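Enquirer: This is input.cif (mmCIF, C-alpha atoms and all ligand atoms).
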data_protein
#
loop_
_atom_site.label_atom_id
_atom_site.label_comp_id
_atom_site.auth_asym_id
_atom_site.auth_seq_id
_atom_site.Cartn_x
_atom_site.Cartn_y
_atom_site.Cartn_z
CA MET A 1 -4.64 -12.84 -13.34
CA SER A 2 -2.86 -14.87 -10.71
CA ARG A 3 -0.91 -16.65 -13.43
CA PHE A 4 0.46 -13.30 -14.54
CA LEU A 5 1.32 -12.26 -11.00
CA LEU A 6 3.34 -15.40 -10.49
CA ALA A 7 5.04 -15.16 -13.85
CA VAL A 8 6.57 -11.71 -13.92
CA GLY A 9 9.28 -12.02 -11.38
CA PHE A 10 10.57 -12.13 -7.92
CA SER A 11 10.01 -8.60 -6.72
CA LEU A 12 6.71 -7.27 -7.86
CA CYS A 13 4.12 -4.87 -6.73
CA LEU A 14 0.81 -3.96 -8.15
CA LEU A 15 -0.31 -0.46 -7.46
CA ILE A 16 -3.64 1.21 -7.84
CA THR A 17 -4.09 4.97 -7.73
CA VAL A 18 -6.12 6.36 -4.89
CA VAL A 19 -7.25 9.93 -4.38
CA SER A 20 -5.57 10.90 -1.13
CA ALA A 21 -3.07 9.73 1.41
CA GLU A 22 -3.46 10.02 5.16
CA THR A 23 -0.80 10.09 7.82
CA VAL A 24 -1.77 7.54 10.44
CA PHE A 25 -1.02 8.16 14.07
CA PHE A 26 -1.58 5.84 16.97
CA THR A 27 -1.70 6.92 20.59
CA ASP A 28 0.61 5.59 23.19
CA GLU A 29 1.46 6.34 26.84
CA ALA A 30 4.64 8.44 26.98
CA THR A 31 7.48 7.35 29.20
CA GLN A 32 9.18 9.51 31.81
CA THR A 33 12.63 10.04 30.35
CA THR A 34 13.90 12.71 27.98
CA SER A 35 16.63 10.92 26.11
CA THR A 36 15.58 12.13 22.66
CA PRO A 37 16.09 15.69 21.46
CA THR A 38 12.76 17.33 20.85
CA THR A 39 11.50 20.60 19.46
CA VAL A 40 9.15 22.58 21.66
CA ALA A 41 6.18 24.44 20.22
CA SER A 42 3.17 26.05 21.81
CA GLY A 43 -0.05 24.07 21.75
CA GLY A 44 -3.34 23.61 23.54
CA SER A 45 -4.07 19.91 23.07
CA LEU A 46 -2.64 16.60 21.94
CA THR A 47 -4.62 16.89 18.70
CA GLU A 48 -3.01 20.26 17.99
CA CYS A 49 0.42 18.79 18.70
CA ALA A 50 -0.27 15.86 16.36
CA LEU A 51 -1.32 18.33 13.68
CA LYS A 52 1.87 20.35 14.17
CA CYS A 53 3.85 17.16 13.78
CA LYS A 54 1.93 16.25 10.63
CA LEU A 55 2.48 19.73 9.21
CA GLN A 56 6.19 19.23 9.79
CA PHE A 57 6.93 21.99 12.31
CA LEU A 58 9.97 19.80 12.86
CA LYS A 59 11.49 18.30 9.70
CA GLY A 60 10.73 14.58 9.61
CA CYS A 61 8.49 14.81 12.69
CA SER A 62 7.39 11.31 13.72
CA ALA A 63 6.04 11.70 17.24
CA ALA A 64 4.47 14.40 19.37
CA ALA A 65 3.44 14.84 22.99
CA PHE A 66 1.36 17.46 24.78
CA VAL A 67 2.47 18.76 28.18
CA SER A 68 -0.63 20.24 29.80
CA GLY A 69 1.25 21.96 32.66
CA THR A 70 3.22 24.19 30.30
CA GLN A 71 0.75 24.06 27.35
CA LYS A 72 3.57 22.93 25.05
CA CYS A 73 3.97 20.43 22.24
CA LEU A 74 7.10 18.28 22.19
CA LEU A 75 8.00 17.10 18.70
CA ALA A 76 10.54 14.39 17.90
CA ASP A 77 11.94 13.02 14.68
CA THR A 78 11.96 9.38 15.76
CA THR A 79 8.80 7.35 16.37
CA ASN A 80 10.19 5.75 19.54
CA ALA A 81 11.14 9.07 21.18
CA ASP A 82 10.79 9.32 24.95
CA PHE A 83 8.78 12.24 26.29
CA PRO A 84 8.62 13.61 29.84
CA GLY A 85 5.17 12.39 30.80
CA GLY A 86 1.77 12.90 29.28
CA VAL A 87 0.32 11.10 26.31
CA ALA A 88 2.12 10.94 22.98
CA VAL A 89 1.06 10.27 19.42
CA ARG A 90 3.38 8.49 17.06
CA LYS A 91 3.34 7.99 13.34
CA GLN A 92 2.82 4.40 12.38
CA ALA A 93 5.99 2.81 11.05
CA ALA A 94 6.10 3.01 7.29
CA SER A 95 4.59 -0.09 5.83
CA THR A 96 4.28 -1.21 2.23
CA GLN A 97 0.54 -1.19 2.89
CA ASP A 98 0.67 2.61 3.20
CA PRO A 99 -0.05 4.64 0.06
CA VAL A 100 3.07 5.54 -1.94
CA GLN A 101 3.88 8.52 -4.16
CA ILE A 102 5.18 7.87 -7.66
CA GLU A 103 5.74 10.70 -10.13
CA GLY A 104 3.26 12.93 -8.31
CA ARG A 105 0.54 10.28 -8.10
CA THR A 106 -0.66 8.38 -5.04
CA PHE A 107 -0.89 4.60 -5.25
CA LYS A 108 -2.33 1.95 -3.00
CA ILE A 109 -0.32 -1.27 -3.19
CA ILE A 110 -2.51 -4.31 -3.76
CA GLN A 111 0.26 -6.88 -3.87
CA HIS A 112 3.87 -6.84 -2.81
CA ARG A 113 6.40 -9.63 -3.12
CA SER A 114 9.97 -8.88 -2.21
CA LYS A 115 11.53 -11.55 -0.07
CA GLY A 116 10.17 -14.69 -1.70
CA LEU A 117 9.41 -16.15 1.72
CA LEU A 118 5.64 -15.74 1.53
CA SER A 119 3.90 -18.40 -0.52
CA PHE A 120 1.42 -17.15 -3.11
CA GLY A 121 0.25 -20.68 -3.92
CA ARG A 122 -2.96 -20.38 -1.94
CA GLY A 123 -6.60 -21.28 -2.17
CA TRP A 124 -9.69 -19.35 -3.15
CA THR A 125 -10.70 -18.23 0.35
CA GLU A 126 -7.30 -16.75 1.10
CA TYR A 127 -7.22 -14.92 -2.23
CA GLU A 128 -10.65 -13.49 -1.41
CA ASP A 129 -9.69 -12.43 2.14
CA GLY A 130 -6.07 -11.43 1.55
CA PHE A 131 -2.92 -12.77 3.23
CA GLY A 132 0.62 -11.84 4.21
CA ASP A 133 2.15 -9.23 6.48
CA GLU A 134 3.13 -5.56 6.38
CA THR A 135 5.90 -6.27 3.88
CA ASP A 136 4.75 -8.99 1.52
CA PHE A 137 1.06 -9.44 0.96
CA TRP A 138 -1.97 -9.76 -1.26
CA ILE A 139 -4.69 -7.40 -0.04
CA GLY A 140 -7.53 -9.64 -1.17
CA LEU A 141 -10.05 -9.75 -3.99
CA ARG A 142 -12.84 -8.31 -1.88
CA LYS A 143 -10.76 -5.19 -1.17
CA ILE A 144 -9.58 -4.90 -4.76
CA HIS A 145 -13.21 -5.03 -5.83
CA GLN A 146 -14.07 -2.29 -3.29
CA LEU A 147 -11.26 -0.11 -4.68
CA THR A 148 -11.92 -0.66 -8.38
CA GLY A 149 -15.40 -2.10 -8.85
CA SER A 150 -17.44 1.06 -9.21
CA SER A 151 -14.57 3.38 -10.19
CA PRO A 152 -11.94 1.75 -12.39
CA LYS A 153 -8.39 2.76 -11.50
CA LEU A 154 -5.03 3.12 -13.15
CA LEU A 155 -3.02 -0.04 -12.48
CA ARG A 156 0.76 0.04 -12.34
CA VAL A 157 2.85 -3.11 -12.22
CA GLU A 158 6.50 -2.96 -11.24
CA ALA A 159 8.77 -5.95 -11.60
CA VAL A 160 12.41 -6.15 -10.63
CA THR A 161 14.55 -8.79 -12.32
CA TRP A 162 17.27 -10.84 -10.63
CA SER A 163 19.80 -8.44 -12.15
CA ASP A 164 18.01 -5.50 -10.52
CA GLU A 165 16.39 -3.98 -13.58
CA LEU A 166 13.02 -2.38 -13.01
CA TYR A 167 10.25 -2.95 -15.52
CA VAL A 168 7.05 -0.94 -15.33
CA CYS A 169 3.72 -1.25 -17.05
CA GLU A 170 0.53 0.70 -16.62
CA TYR A 171 -3.08 0.04 -17.52
CA SER A 172 -6.02 2.42 -17.60
CA GLY A 173 -9.50 1.53 -16.37
CA PHE A 174 -8.50 -1.50 -14.27
CA THR A 175 -11.54 -3.00 -12.58
CA VAL A 176 -12.35 -6.18 -10.67
CA ALA A 177 -16.02 -7.12 -10.39
CA ASP A 178 -17.65 -8.71 -7.34
CA ALA A 179 -17.80 -12.26 -5.99
CA SER A 180 -20.87 -13.14 -8.10
CA THR A 181 -18.65 -12.86 -11.22
CA ASN A 182 -15.74 -14.69 -9.54
CA TYR A 183 -13.94 -11.33 -9.51
CA THR A 184 -13.78 -10.90 -13.28
CA MET A 185 -10.93 -8.54 -14.15
CA THR A 186 -10.79 -6.17 -17.07
CA TYR A 187 -9.13 -2.92 -18.14
CA THR A 188 -9.42 -0.33 -20.87
CA SER A 189 -5.90 -0.26 -22.31
CA TYR A 190 -2.29 -1.16 -21.86
CA LEU A 191 -0.50 2.20 -21.72
CA SER A 192 2.55 1.50 -23.87
CA GLY A 193 3.76 5.11 -23.45
CA SER A 194 4.29 4.64 -19.72
CA SER A 195 5.41 1.00 -19.89
CA ASN A 196 8.74 -0.54 -20.76
CA THR A 197 7.69 -4.15 -20.85
CA THR A 198 7.74 -5.56 -24.37
CA THR A 199 4.22 -6.96 -24.37
CA ASP A 200 0.94 -6.66 -22.52
CA SER A 201 1.26 -9.65 -20.20
CA LEU A 202 -2.25 -9.18 -18.82
CA ALA A 203 -3.92 -9.54 -22.25
CA ASP A 204 -4.67 -13.26 -21.85
CA ASN A 205 -6.44 -12.57 -18.58
CA LYS A 206 -8.55 -9.63 -19.75
CA GLY A 207 -12.24 -10.27 -19.10
CA LYS A 208 -11.47 -13.52 -17.26
CA GLN A 209 -12.59 -14.74 -13.85
CA PHE A 210 -10.03 -15.13 -11.06
CA SER A 211 -8.61 -18.64 -10.61
CA THR A 212 -6.66 -20.26 -7.82
CA ILE A 213 -4.95 -23.62 -7.38
CA ASP A 214 -8.09 -25.13 -5.86
CA ARG A 215 -10.60 -23.40 -8.10
CA ASP A 216 -10.08 -22.97 -11.84
CA ASN A 217 -12.86 -20.71 -13.08
CA ASN A 218 -11.44 -20.40 -16.58
CA GLN A 219 -11.57 -23.97 -17.87
C1 LIG A 301 11.64 1.19 -17.06
O1 LIG A 301 10.99 2.39 -16.67
C2 LIG A 301 11.22 2.79 -15.35
C3 LIG A 301 10.33 3.97 -15.04
O2 LIG A 301 10.42 4.93 -16.02
C4 LIG A 301 12.71 3.09 -15.16
O3 LIG A 301 12.98 3.50 -13.84
C5 LIG A 301 13.48 1.81 -15.48
O4 LIG A 301 14.87 2.05 -15.38
C6 LIG A 301 13.15 1.31 -16.88
N1 LIG A 301 13.75 -0.01 -17.04
C7 LIG A 301 14.57 -0.31 -18.03
C8 LIG A 301 15.11 -1.71 -18.05
O5 LIG A 301 14.88 0.50 -18.90
C1 LIG A 302 -17.80 -19.02 -10.41
O1 LIG A 302 -17.03 -20.17 -10.13
C2 LIG A 302 -17.78 -21.28 -9.71
C3 LIG A 302 -16.80 -22.39 -9.33
O2 LIG A 302 -15.83 -22.59 -10.33
C4 LIG A 302 -18.74 -21.68 -10.83
O3 LIG A 302 -19.55 -22.78 -10.41
C5 LIG A 302 -19.64 -20.49 -11.18
O4 LIG A 302 -20.49 -20.81 -12.27
C6 LIG A 302 -18.80 -19.28 -11.53
N1 LIG A 302 -19.63 -18.10 -11.68
C7 LIG A 302 -19.81 -17.49 -12.87
C8 LIG A 302 -20.64 -16.25 -12.85
O5 LIG A 302 -19.34 -17.91 -13.92
#
As structure tokens, please, write out the structure in this file.
Ligand SMILES: *[C@@H]1O[C@H](CO)[C@@H](O)[C@H](O)[C@H]1NC(C)=O
Ligand SMILES: *[C@@H]1O[C@H](CO)[C@@H](O)[C@H](O)[C@H]1NC(C)=O
Expert:
Amino acid sequence: MSRFLLAVGFSLCLLITVVSAETVFFTDEATQTTSTPTTVASGGSLTECALKCKLQFLKGCSAAAFVSGTQKCLLADTTNADFPGGVAVRKQAASTQDPVQIEGRTFKIIQHRSKGLLSFGRGWTEYEDGFGDETDFWIGLRKIHQLTGSSPKLLRVEAVTWSDELYVCEYSGFTVADASTNYTMTYTSYLSGSSNTTTDSLADNKGKQFSTIDRDNNQ
């Protein structure tokens, strides 16, 4: 499995379908200035204002505040908007760890490599726990097992070549078993109809345990 990940190219992400996406907000003390244009809507609480923002009362709404004196919601289209007092909620900056929509389906990214700065030559413990940052990361075998162990998922692999061509392949029934099996990976089939890679590059790793530089479980 890791051999494949390292082989396919420079910019690569592995995606797994998940059932639903959530918009994540975090709370934050609002500042006292009003430098950002906002839309005003009626509202009775911060929660209601956050909901109005999420439901896009303002196109591209990214932050909301509740003004208790006037019982109004202030909605802004930038996350770092300044509000005149009160407490604001702001959408978390988009991160590659957030679910993404592709052709009407929602995917959770399990690995992303774009800049080539993050080393993927790591040991067993790090592959189990996960590593990286918001942009480039491996979410970890334990999490991948949680996502796919009892309900196999559709796996999508995207690879971008140095000349900027995108190659896609999809697999049905992707599942990674638990630590007691050394995270054995398998899948039902390579979906040639939704793939434009010439071969099934995962075939050699089907039914195999996970291996890392310090722990070869497939000798
Ligand atoms: C492969 O398929 C994807 C998704 O359909 C498409 O965007 C991409 O351009 C295709 N790549 C090539 C090299 O044809
Ligand atoms: C998992 O890997 C360890 C270390 O390589 C090995 O000793 C153990 O037998 C493997 N477990 C299974 C179920 O094969």
Enquirer: Hey, which residues sit close to ligand LIG 302 (chain A)? Say within 7 Å, counting all atoms listed in the file, and write them as a ChimeraX atom specification.
Expert: /A:180-182,215-217
Enquirer: May I have the selected residues written with C-alpha atoms, as a compact mmCIF listing (two decimals), in the coordinates of the input?
Expert:
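Ended up saving to selection_33.txt:
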# COMPACT_ATOMS: atom_id res chain seq x y z
CA SER A 180 -20.87 -13.14 -8.10
CA THR A 181 -18.65 -12.86 -11.22
CA ASN A 182 -15.74 -14.69 -9.54
CA ARG A 215 -10.60 -23.40 -8.10
CA ASP A 216 -10.08 -22.97 -11.84
CA ASN A 217 -12.86 -20.71 -13.08
Enquirer: Name each residue within 8 Å of ligand LIG 301 (chain A), counting all atoms listed in the file, as a list in words.
Expert: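 Here is the list of contacting residues: Glu165, Leu166, Tyr167, Val168, Ser194, Ser195, Asn196 and Thr197 of chain A.
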Enquirer: Please measure the separation of CA of Phe210 (chain A) and CA of Asp164 (chain A), giving the value in Å to one decimal.
Expert: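 About the pair CA of Phe210 (chain A) and CA of Asp164 (chain A): they are 29.7 Å apart.
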Enquirer: The centre and edge lengths of an axis-aligned box containing all atoms of region 142-159 of chain A present in the file, extended by 4 Å on each side, are to be given in Å to one decimal, as lines of an AutoDock Vina configuration file.
Expert:
center_x = -4.3
center_y = -2.5
center_z = -7.2
size_x = 34.2
size_y = 19.7
size_z = 20.0
Enquirer: Using only C-alpha atoms for the distances, tell me which of A:Ala179, A:Cys169, A:Thr186, A:Gly132 is nearest to Ser201 (chain A).
Expert: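 Nearest to Ser201 (chain A): A:Cys169.
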Enquirer: Between A:Gln146, A:Ser151, A:Ser172, A:Ser95, single out the one closest to Glu134 (chain A), counting all atoms listed in the file.
Expert: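 Checking each of A:Gln146, A:Ser151, A:Ser172, A:Ser95 against Glu134 (chain A), counting all atoms listed in the file, the winner is A:Ser95.
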Enquirer: At a cut-off of 10 Å around the point (10.7, 19.2, 15.5) (file coordinates), what residues fall inside when counting only C-alpha atoms? I'd like the answer as number ranges by chain.
Expert: A: 37-41, 52-53, 56-64, 73-78
Enquirer: For Leu141 (chain A), which of A:Asp178, A:Asp214, A:Glu128, A:Asp200 is the closest residue, counting all atoms listed in the file?
Expert: A:Glu128
Enquirer: From the list A:Val160, A:Leu154, A:Gly149, A:Thr199, which residue is nearest Arg113 (chain A) when using only C-alpha atoms?
Expert: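 With only C-alpha atoms as the atom set, the closest residue is A:Val160.
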Enquirer: Quick one: distance from CA of Trp138 (chain A) to CA of Ile110 (chain A) in Å, one decimal?
Expert: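 A separation of 6.0 Å between them.
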Enquirer: Hey, which of A:Ala88, A:Leu51, A:Asp98, A:Gly140 ends up closest to Gly123 (chain A)? Count only C-alpha atoms.
Expert: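 For Gly123 (chain A), the nearest of the candidates is A:Gly140.
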Enquirer: Near Phe131 (chain A), counting all atoms listed in the file, which residues have an atom at most 10 Å away, once you skip same-chain residues fewer than 6 positions from it, shown as a ChimeraX atom specification?
Expert: /A:111,118-120,122,125,137-140
Enquirer: Calculated over all atoms listed in the file, which of the candidates A:Leu202, A:Leu147, A:Ala65, A:Val89 has the smallest distance to Tyr187 (chain A)?
Expert: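 Going through A:Leu202, A:Leu147, A:Ala65, A:Val89 one by one, the smallest distance to Tyr187 (chain A) is for A:Leu202.
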Enquirer: Neighbourhood query: residues within 7 Å of (-13.8, -10.1, -17.6), file coordinates, counting only C-alpha atoms; return as a ChimeraX atom specification.
Expert: /A:184-186,206-209
